[in-house]
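Visitor: Sharing input36.csv (CSV, C-alpha atoms) below.
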```
chain,number,residue,atom,x,y,z
A,1,MET,CA,0.0,0.0,0.0
A,2,PRO,CA,1.1,3.6,-0.5
A,3,ASP,CA,2.4,5.8,2.3
A,4,PRO,CA,-0.3,7.8,4.2
A,5,VAL,CA,-2.2,10.3,2.2
A,6,PRO,CA,-0.3,13.6,2.1
A,7,GLY,CA,-1.4,16.7,4.0
A,8,GLY,CA,-2.8,15.2,7.1
A,9,LEU,CA,-6.0,14.2,5.4
A,10,THR,CA,-8.0,11.1,6.4
A,11,THR,CA,-9.1,8.1,4.3
A,12,ARG,CA,-11.7,5.4,4.5
A,13,PRO,CA,-13.6,3.1,2.1
A,14,LEU,CA,-16.7,4.6,0.6
A,15,GLN,CA,-20.2,3.6,1.6
A,16,LYS,CA,-23.4,3.9,-0.5
A,17,SER,CA,-24.4,6.8,1.7
A,18,ASP,CA,-21.4,8.7,0.2
A,19,ALA,CA,-23.0,8.8,-3.3
A,20,HIS,CA,-24.0,12.4,-3.0
A,21,ALA,CA,-20.6,13.5,-1.7
A,22,VAL,CA,-18.9,11.8,-4.7
A,23,PHE,CA,-21.3,13.4,-7.1
A,24,VAL,CA,-20.5,16.9,-5.7
A,25,LEU,CA,-16.8,16.1,-5.9
A,26,MET,CA,-17.0,14.8,-9.5
A,27,ALA,CA,-19.2,17.7,-10.6
A,28,ALA,CA,-16.7,20.2,-9.2
A,29,GLN,CA,-13.9,18.5,-11.2
A,30,GLU,CA,-15.9,18.4,-14.4
A,31,GLN,CA,-16.9,22.0,-14.1
A,32,ALA,CA,-13.3,23.0,-13.7
A,33,ASP,CA,-12.0,20.7,-16.5
A,34,ILE,CA,-14.7,20.8,-19.3
A,35,GLY,CA,-16.8,23.8,-18.2
A,36,GLU,CA,-20.0,21.8,-17.5
A,37,VAL,CA,-21.3,18.9,-15.3
A,38,ALA,CA,-21.9,15.7,-17.2
A,39,ILE,CA,-22.1,13.3,-14.2
A,40,GLU,CA,-25.5,12.5,-12.7
A,41,GLU,CA,-25.9,11.3,-9.1
A,42,ALA,CA,-28.0,8.5,-10.5
A,43,ASP,CA,-24.9,7.3,-12.4
A,44,ILE,CA,-23.1,6.7,-9.2
A,45,VAL,CA,-26.1,5.2,-7.3
A,46,SER,CA,-26.8,2.7,-10.1
A,47,ASP,CA,-23.1,1.7,-10.5
A,48,TRP,CA,-22.9,1.1,-6.8
A,49,ALA,CA,-26.0,-1.0,-6.9
A,50,ARG,CA,-24.4,-3.6,-9.2
A,51,PRO,CA,-24.4,-6.9,-7.3
A,52,SER,CA,-20.9,-7.7,-8.5
A,53,HIS,CA,-19.4,-4.5,-7.2
A,54,ASP,CA,-17.6,-4.6,-3.8
A,55,LEU,CA,-17.7,-0.9,-2.9
A,56,ALA,CA,-16.0,-1.4,0.5
A,57,GLY,CA,-13.2,-3.4,-0.9
A,58,ARG,CA,-12.6,-1.4,-4.1
A,59,SER,CA,-12.9,2.2,-3.1
A,60,ILE,CA,-11.2,4.9,-1.1
A,61,GLY,CA,-12.4,8.4,0.0
A,62,VAL,CA,-10.0,11.2,1.0
A,63,TRP,CA,-11.5,13.6,3.6
A,64,ASP,CA,-10.5,17.1,4.7
A,65,GLY,CA,-12.5,17.3,7.9
A,66,GLU,CA,-16.1,16.6,6.9
A,67,THR,CA,-15.5,17.3,3.2
A,68,LEU,CA,-14.8,14.6,0.6
A,69,VAL,CA,-11.9,16.0,-1.4
A,70,ALA,CA,-10.8,13.0,-3.5
A,71,TYR,CA,-11.8,9.5,-4.2
A,72,ALA,CA,-10.9,6.4,-6.3
A,73,GLU,CA,-12.5,3.1,-7.1
A,74,LEU,CA,-11.9,0.1,-9.3
A,75,MET,CA,-14.9,-1.6,-10.9
A,76,GLY,CA,-14.5,-4.9,-12.7
A,77,VAL,CA,-11.1,-5.9,-13.9
A,78,ASP,CA,-9.7,-2.6,-15.0
A,79,ARG,CA,-12.1,0.3,-14.9
A,80,ALA,CA,-10.9,3.0,-12.5
A,81,ASP,CA,-12.5,6.3,-11.6
A,82,THR,CA,-11.0,9.1,-9.7
A,83,ALA,CA,-11.5,12.7,-8.8
A,84,VAL,CA,-9.7,15.4,-6.8
A,85,LEU,CA,-11.4,18.6,-5.7
A,86,PRO,CA,-9.8,21.5,-7.8
A,87,SER,CA,-9.0,23.4,-4.6
A,88,HIS,CA,-6.9,20.4,-3.4
A,89,ARG,CA,-4.9,19.9,-6.5
A,90,GLY,CA,-1.1,20.1,-6.4
A,91,ARG,CA,-0.8,18.4,-3.0
A,92,GLY,CA,0.1,14.9,-4.3
A,93,ILE,CA,-3.3,13.4,-3.7
A,94,GLY,CA,-3.8,12.3,-7.4
A,95,THR,CA,-0.4,10.6,-7.4
A,96,TRP,CA,-1.3,8.9,-4.1
A,97,LEU,CA,-4.6,7.7,-5.6
A,98,ALA,CA,-2.9,6.4,-8.7
A,99,THR,CA,-0.5,4.3,-6.5
A,100,TRP,CA,-3.4,3.1,-4.4
A,101,LEU,CA,-5.2,1.9,-7.5
A,102,GLN,CA,-2.2,0.1,-8.9
A,103,ASP,CA,-1.6,-1.7,-5.6
A,104,LEU,CA,-5.3,-2.7,-5.4
A,105,GLY,CA,-5.2,-3.9,-9.0
A,106,ARG,CA,-2.2,-6.1,-8.4
A,107,ARG,CA,-3.8,-7.6,-5.3
A,108,LEU,CA,-6.9,-8.4,-7.3
A,109,GLY,CA,-4.9,-9.8,-10.3
A,110,SER,CA,-5.8,-7.1,-12.8
A,111,PRO,CA,-3.4,-7.0,-15.7
A,112,VAL,CA,-4.1,-3.3,-16.4
A,113,ILE,CA,-6.1,-0.4,-15.0
A,114,GLY,CA,-7.3,2.6,-16.9
A,115,MET,CA,-9.5,5.6,-16.3
A,116,PRO,CA,-11.2,8.3,-18.5
A,117,VAL,CA,-9.9,11.9,-18.2
A,118,PRO,CA,-10.6,15.0,-20.4
A,119,GLN,CA,-7.9,15.4,-23.0
A,120,GLY,CA,-5.4,18.0,-21.8
A,121,SER,CA,-6.8,18.3,-18.3
A,122,PRO,CA,-4.7,18.3,-15.2
A,123,GLY,CA,-5.6,14.7,-14.6
A,124,ASP,CA,-4.5,13.8,-18.2
A,125,ARG,CA,-1.2,15.5,-17.7
A,126,LEU,CA,-0.7,13.9,-14.3
A,127,LEU,CA,-1.3,10.4,-15.5
A,128,GLU,CA,0.9,10.9,-18.6
A,129,GLY,CA,3.7,11.9,-16.2
A,130,LEU,CA,3.1,8.8,-14.1
A,131,GLY,CA,3.5,6.5,-17.2
A,132,PHE,CA,-0.1,5.9,-18.1
A,133,ARG,CA,-0.6,5.4,-21.8
A,134,VAL,CA,-3.6,6.3,-24.0
A,135,ARG,CA,-5.7,3.2,-24.6
A,136,TRP,CA,-8.5,4.9,-26.6
A,137,THR,CA,-10.0,8.2,-27.3
A,138,SER,CA,-13.7,9.1,-26.7
A,139,TRP,CA,-15.8,11.9,-28.1
A,140,VAL,CA,-18.9,13.4,-26.5
A,141,LEU,CA,-21.1,14.4,-29.5
A,142,LYS,CA,-24.0,16.8,-29.5
A,143,LEU,CA,-26.9,17.4,-31.8
A,144,PRO,CA,-27.0,21.2,-32.2
A,145,GLU,CA,-30.1,22.7,-30.7
A,146,GLY,CA,-32.9,22.9,-33.3
A,147,ALA,CA,-31.2,20.4,-35.6
A,148,THR,CA,-32.7,17.0,-36.5
A,149,ILE,CA,-31.2,13.8,-37.7
A,150,PRO,CA,-32.4,12.7,-41.2
A,151,GLU,CA,-35.1,10.1,-40.9
A,152,ARG,CA,-34.7,6.6,-42.3
A,153,GLU,CA,-37.5,4.2,-43.1
A,154,LEU,CA,-37.6,0.9,-41.3
A,155,PRO,CA,-37.6,-2.2,-43.5
A,156,ALA,CA,-41.0,-3.7,-44.0
A,157,GLY,CA,-42.3,-5.5,-40.9
A,158,TYR,CA,-39.9,-3.8,-38.5
A,159,ALA,CA,-41.0,-1.5,-35.7
A,160,VAL,CA,-39.4,0.8,-33.1
A,161,ARG,CA,-41.0,1.1,-29.7
A,162,THR,CA,-40.6,1.0,-25.9
A,163,ALA,CA,-39.1,-2.3,-24.7
A,164,GLU,CA,-41.5,-4.6,-22.9
A,165,PRO,CA,-40.6,-5.9,-19.4
A,166,GLY,CA,-40.2,-9.5,-20.8
A,167,GLU,CA,-37.7,-8.3,-23.4
A,168,LEU,CA,-35.0,-7.2,-20.9
A,169,ARG,CA,-32.8,-10.3,-21.3
A,170,ALA,CA,-33.0,-10.0,-25.1
A,171,VAL,CA,-32.1,-6.3,-24.8
A,172,HIS,CA,-29.1,-7.2,-22.6
A,173,ASP,CA,-28.0,-9.9,-25.2
A,174,VAL,CA,-28.1,-7.4,-28.1
A,175,LEU,CA,-26.1,-4.8,-26.2
A,176,GLU,CA,-23.5,-7.2,-24.8
A,177,ASP,CA,-23.0,-9.1,-28.1
A,178,ALA,CA,-22.3,-5.8,-29.9
A,179,PHE,CA,-20.1,-4.2,-27.2
A,180,LEU,CA,-18.0,-7.3,-26.8
A,181,GLU,CA,-17.1,-7.2,-30.4
A,182,TRP,CA,-14.6,-4.4,-29.6
A,183,SER,CA,-14.4,-4.2,-25.8
A,184,ALA,CA,-11.9,-6.5,-24.1
A,185,ARG,CA,-13.8,-7.3,-20.9
A,186,ASP,CA,-15.9,-10.1,-19.3
A,187,ARG,CA,-19.6,-10.3,-20.2
A,188,GLU,CA,-21.7,-8.1,-17.9
A,189,PRO,CA,-23.9,-10.1,-15.5
A,190,PHE,CA,-27.6,-9.6,-16.3
A,191,GLU,CA,-28.2,-8.5,-12.7
A,192,ASP,CA,-25.6,-5.7,-13.1
A,193,PHE,CA,-27.4,-4.6,-16.3
A,194,GLU,CA,-30.7,-4.5,-14.4
A,195,ALA,CA,-29.2,-2.4,-11.7
A,196,THR,CA,-28.0,0.3,-14.1
A,197,THR,CA,-31.1,0.3,-16.3
A,198,THR,CA,-34.5,-0.4,-14.8
A,199,GLY,CA,-33.0,-0.1,-11.3
A,200,ARG,CA,-31.5,3.3,-12.0
A,201,PRO,CA,-33.1,6.2,-10.0
A,202,GLY,CA,-35.6,8.0,-12.2
A,203,PHE,CA,-35.8,5.2,-14.8
A,204,GLU,CA,-39.0,5.3,-16.9
A,205,PRO,CA,-40.0,2.6,-19.4
A,206,TRP,CA,-39.7,4.9,-22.4
A,207,ASN,CA,-36.0,5.2,-21.7
A,208,LEU,CA,-35.4,1.8,-23.2
A,209,ARG,CA,-36.1,1.8,-27.0
A,210,VAL,CA,-36.0,-1.3,-29.2
A,211,VAL,CA,-36.3,-2.2,-32.9
A,212,VAL,CA,-38.0,-5.5,-33.4
A,213,ASP,CA,-38.0,-7.6,-36.6
A,214,PRO,CA,-41.0,-9.1,-38.3
A,215,ASP,CA,-40.8,-12.1,-35.9
A,216,GLY,CA,-40.9,-9.8,-32.9
A,217,ASP,CA,-37.3,-10.4,-32.0
A,218,VAL,CA,-35.3,-7.5,-30.5
A,219,VAL,CA,-32.6,-6.6,-33.0
A,220,GLY,CA,-31.7,-3.1,-32.0
A,221,VAL,CA,-31.5,-1.2,-28.7
A,222,SER,CA,-31.1,2.3,-27.4
A,223,LEU,CA,-31.0,3.4,-23.8
A,224,VAL,CA,-31.8,7.1,-23.7
A,225,LEU,CA,-31.6,9.1,-20.5
A,226,VAL,CA,-32.5,12.6,-19.5
A,227,SER,CA,-29.6,14.5,-17.9
A,228,ASP,CA,-28.4,18.0,-17.3
A,229,ASN,CA,-31.4,18.9,-15.1
A,230,GLY,CA,-33.8,17.8,-17.7
A,231,ARG,CA,-32.2,19.7,-20.6
A,232,THR,CA,-30.3,16.9,-22.4
A,233,GLY,CA,-31.4,13.6,-23.9
A,234,TYR,CA,-28.3,11.3,-23.6
A,235,VAL,CA,-28.1,8.0,-25.5
A,236,ASP,CA,-26.2,5.9,-23.0
A,237,ARG,CA,-26.0,2.7,-25.1
A,238,LEU,CA,-26.9,2.0,-28.7
A,239,ALA,CA,-26.5,-1.3,-30.5
A,240,VAL,CA,-27.8,-3.3,-33.5
A,241,ARG,CA,-27.5,-7.1,-33.8
A,242,ALA,CA,-24.6,-8.0,-36.2
A,243,ASP,CA,-26.8,-9.7,-38.8
A,244,GLN,CA,-29.2,-6.7,-38.9
A,245,ARG,CA,-26.7,-3.9,-39.6
A,246,ASN,CA,-26.5,-1.7,-42.7
A,247,ARG,CA,-30.3,-1.4,-42.8
A,248,GLY,CA,-30.5,2.0,-41.2
A,249,LEU,CA,-31.7,0.6,-37.9
A,250,ALA,CA,-29.1,2.6,-35.8
A,251,GLN,CA,-30.2,5.9,-37.5
A,252,VAL,CA,-33.9,5.0,-36.8
A,253,LEU,CA,-33.1,4.4,-33.2
A,254,LEU,CA,-31.2,7.8,-32.9
A,255,VAL,CA,-34.1,9.7,-34.5
A,256,ASP,CA,-36.6,7.9,-32.2
A,257,SER,CA,-34.4,8.3,-29.0
A,258,PHE,CA,-33.9,12.0,-29.5
A,259,ALA,CA,-37.5,12.6,-30.4
A,260,GLN,CA,-38.6,10.8,-27.3
A,261,ALA,CA,-36.2,12.8,-25.2
A,262,ARG,CA,-37.5,16.1,-26.7
A,263,ALA,CA,-41.1,14.9,-26.0
A,264,HIS,CA,-40.0,14.7,-22.4
A,265,GLY,CA,-38.8,18.2,-22.2
A,266,THR,CA,-35.1,18.1,-23.4
A,267,THR,CA,-33.7,20.7,-25.7
A,268,THR,CA,-30.4,19.1,-26.8
A,269,SER,CA,-29.2,15.6,-27.4
A,270,GLU,CA,-25.9,13.9,-27.1
A,271,LEU,CA,-24.0,10.6,-26.9
A,272,SER,CA,-20.4,9.4,-26.6
A,273,THR,CA,-18.4,7.0,-28.8
A,274,ASP,CA,-14.8,6.0,-28.8
A,275,SER,CA,-12.0,5.0,-31.2
A,276,ARG,CA,-12.6,1.3,-30.6
A,277,THR,CA,-16.1,1.3,-32.2
A,278,GLY,CA,-15.3,3.0,-35.5
A,279,ALA,CA,-18.7,4.8,-35.2
A,280,LEU,CA,-17.5,8.4,-35.1
A,281,GLY,CA,-18.1,9.0,-38.8
A,282,LEU,CA,-21.7,7.7,-38.6
A,283,TYR,CA,-22.6,10.2,-36.0
A,284,GLU,CA,-20.9,13.1,-37.7
A,285,ARG,CA,-22.7,12.2,-41.0
A,286,VAL,CA,-26.1,12.6,-39.3
A,287,GLY,CA,-25.1,16.1,-38.0
A,288,MET,CA,-23.7,15.5,-34.6
A,289,VAL,CA,-20.6,17.5,-33.6
A,290,ALA,CA,-17.8,16.8,-31.1
A,291,ASP,CA,-18.3,18.8,-27.9
A,292,SER,CA,-15.5,17.3,-25.7
A,293,ILE,CA,-12.7,14.8,-26.1
A,294,TRP,CA,-11.6,12.3,-23.4
A,295,VAL,CA,-8.8,9.8,-23.3
A,296,ASN,CA,-8.7,6.5,-21.4
A,297,ARG,CA,-5.2,6.4,-19.8
A,298,ALA,CA,-4.0,3.0,-18.6
A,299,ILE,CA,-1.0,1.4,-17.0
A,300,ASP,CA,0.1,-2.3,-17.2
A,301,LEU,CA,0.5,-4.0,-13.8
A,302,SER,CA,2.7,-6.9,-14.8
```
Just give me the structure of the file as C-alpha cells.

Guide:
Amino acid sequence: MPDPVPGGLTTRPLQKSDAHAVFVLMAAQEQADIGEVAIEEADIVSDWARPSHDLAGRSIGVWDGETLVAYAELMGVDRADTAVLPSHRGRGIGTWLATWLQDLGRRLGSPVIGMPVPQGSPGDRLLEGLGFRVRWTSWVLKLPEGATIPERELPAGYAVRTAEPGELRAVHDVLEDAFLEWSARDREPFEDFEATTTGRPGFEPWNLRVVVDPDGDVVGVSLVLVSDNGRTGYVDRLAVRADQRNRGLAQVLLVDSFAQARAHGTTTSELSTDSRTGALGLYERVGMVADSIWVNRAIDLS
C-alpha cells in the first residue's frame, strides 16, 4: 500500500451513503475541466447497486474534515474512476490515488487499470507523467439545438417502440454481443445490467427503446436518459445485432431516441463514442458535432 495520504487528510472506504458527496466532488472537477457537469448522481447510485461491485473493498475516499476532497474506485477488472477537488490539486493526492489503485489492481490480479480523463486536463497530464498510456479516445457528440437527424424508413415488418418488461434479457444480449465485439472485458452479468437500467433512479419505461424484426425479436436497442437537469437527452447505449446492420436501424433508433427525449422536455441531445467502435463517422454524418474529447489512460500492472 502507498504511504499515508499527504497533507494530514484522512481516508476510508466509501459507503453507499457517500454517493451524493462523490457526485458533488466529480461535478466540481468536471466544471473545472470541461466547463460543464456531465455526471449524474443516478450514475453513481446505479453503478454502486451492481451486485458484482464490492464498494467497500474497491474504493477509497479522502477527507478534509467533513469534506470529501478526492476518491478512487476500481470496478470490474480494469475500470478505475478518480476525482480530486480542484481546490486540493497540487498536493500529491492524485499521485497517491494512482498508486493506491495500482496496488489494489495487483492484489486483485488485474493485468491493467485505466480511467477516463478529459484530454489535456490536469488529470490527463498527471497520468501521462506517471507513465499511463492512452488506450483509446472518446468523443462526446451533441446534436445542435434545433437540428434534426435525417429520418430513415424501417424495413417492412420492423417496428421501433418501448421495450417490454419481458424483453429485458434480449435487450441485454443485443447490447453485450455488440459491445464485446470491440471491448476486451468479461460479459456483464444480467443482474448488473438490471441495476443500471430499470434499477437506475428515475428510470422510466420509455428510456429503453428497441427495434423488433417481423418475428418480434429484438434486433436493436437504445438506452436514452434525461440528464443536465432535464435539458439533455443522452443516448447511453446503442447497438444493433450484427446480422441486422446496414439497414438504417441505428439511425432510426437515434431519431426515435432524440424525439422521445424532446417529447419529455429536453432541448439538446448527445451521446459518446470511442475509437474502438469506428462509429464516429456515422454520428458526424447525421449532423452531430464533437463537444469534448476524453482519453482513457491506462498502465500495465505486470

Visitor: Considering only C-alpha atoms, can you say which of A:Gly61, A:Pro51, A:Gly35, A:Pro201 comes closest to Thr10 in chain A?

Guide: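 Going through A:Gly61, A:Pro51, A:Gly35, A:Pro201 one by one, the smallest distance to Thr10 in chain A is for A:Gly61.
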
Visitor: What does the distance between CA of Leu225 in chain A and CA of Ala263 in chain A come to in Å, to one decimal place?

Guide: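 Between CA of Leu225 in chain A and CA of Ala263 in chain A the gap works out to 12.4 Å.
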
Visitor: Given all atoms listed in the file as the basis, pick out the residue of A:Ile44, A:Ala27, A:Ile34, A:Leu223 nearest to Leu14 in chain A.

Guide: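 Checking each candidate against Leu14 in chain A, we get A:Ile44 as the closest.
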
Visitor: For Thr99 in chain A, which residue out of A:Ile293, A:Ala163, A:Val5, A:Val69 is the nearest one, using all atoms listed in the file?

Guide: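 Distance minimum relative to Thr99 in chain A lands on A:Val5.
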
Visitor: Just the number, please: distance in Å from CA of Glu181 in chain A to CA of Ser275 in chain A, one decimal.

Guide: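 It comes out at 13.2 Å.
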
Visitor: Within 6 Å of range 272-274 of chain A, counting all atoms listed in the file, which residues show up once you throw out same-chain ones fewer than 2 positions away? Write them as a list in words, please.

Guide: Thr137, Ser138, Trp139, Val140, Leu141, Arg276 and Thr277 of chain A

Visitor: Which is closest to Ser52 in chain A among A:Leu154, A:Ala159, A:Leu74, A:Leu68, if we use all atoms listed in the file?

Guide: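 Among A:Leu154, A:Ala159, A:Leu74, A:Leu68, it is A:Leu74 that comes nearest to Ser52 in chain A.
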
Visitor: Return the single residue from A:Ile113, A:Val226, A:Leu127, A:Ala178 that is closest to Thr268 in chain A, with distances computed using all atoms listed in the file.

Guide: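 Ranking A:Ile113, A:Val226, A:Leu127, A:Ala178 by distance to Thr268 in chain A, first place goes to A:Val226.
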
Visitor: Just give me the gap between CA of Trp96 in chain A and CA of Gln31 in chain A in Å, one decimal is fine.

Guide: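 So the two atoms, CA of Trp96 in chain A and CA of Gln31 in chain A, lie 22.7 Å apart.
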
Visitor: Using all atoms listed in the file, find the one residue out of A:Asp47, A:Glu194, A:Glu176, A:Asp78 that sits nearest to Leu104 in chain A.

Guide: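 The answer is A:Asp78, which sits nearest to Leu104 in chain A.
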
Visitor: Contacts of range 122-126 of chain A at 10 Å or less, counting only C-alpha atoms, minus same-chain residues fewer than 4 places along, as a VMD selection string?

Guide: chain A and resid 29 32 to 33 82 to 84 86 89 to 90 94 to 95 98 115 to 118 130 to 134 294 to 297

Visitor: Taking the point (-32.0, 20.9, -27.9) as given in the file, collect each protein or nucleic acid residue that comes within 9 Å of it, counting only C-alpha atoms, and present the set as a VMD selection string.

Guide: chain A and resid 143 to 147 231 to 233 262 266 to 269

Visitor: Restricting the output to C-alpha atoms, write the selected residues as a short mmCIF file (atom, residue, chain, number, x, y, z; two decimals), keeping the file's coordinate frame.

Guide:
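Generated file (again-v6.cif):
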```
data_model
loop_
_atom_site.label_atom_id
_atom_site.label_comp_id
_atom_site.auth_asym_id
_atom_site.auth_seq_id
_atom_site.Cartn_x
_atom_site.Cartn_y
_atom_site.Cartn_z
CA LEU A 143 -26.90 17.40 -31.80
CA PRO A 144 -27.00 21.20 -32.20
CA GLU A 145 -30.10 22.70 -30.70
CA GLY A 146 -32.90 22.90 -33.30
CA ALA A 147 -31.20 20.40 -35.60
CA ARG A 231 -32.20 19.70 -20.60
CA THR A 232 -30.30 16.90 -22.40
CA GLY A 233 -31.40 13.60 -23.90
CA ARG A 262 -37.50 16.10 -26.70
CA THR A 266 -35.10 18.10 -23.40
CA THR A 267 -33.70 20.70 -25.70
CA THR A 268 -30.40 19.10 -26.80
CA SER A 269 -29.20 15.60 -27.40
#
```
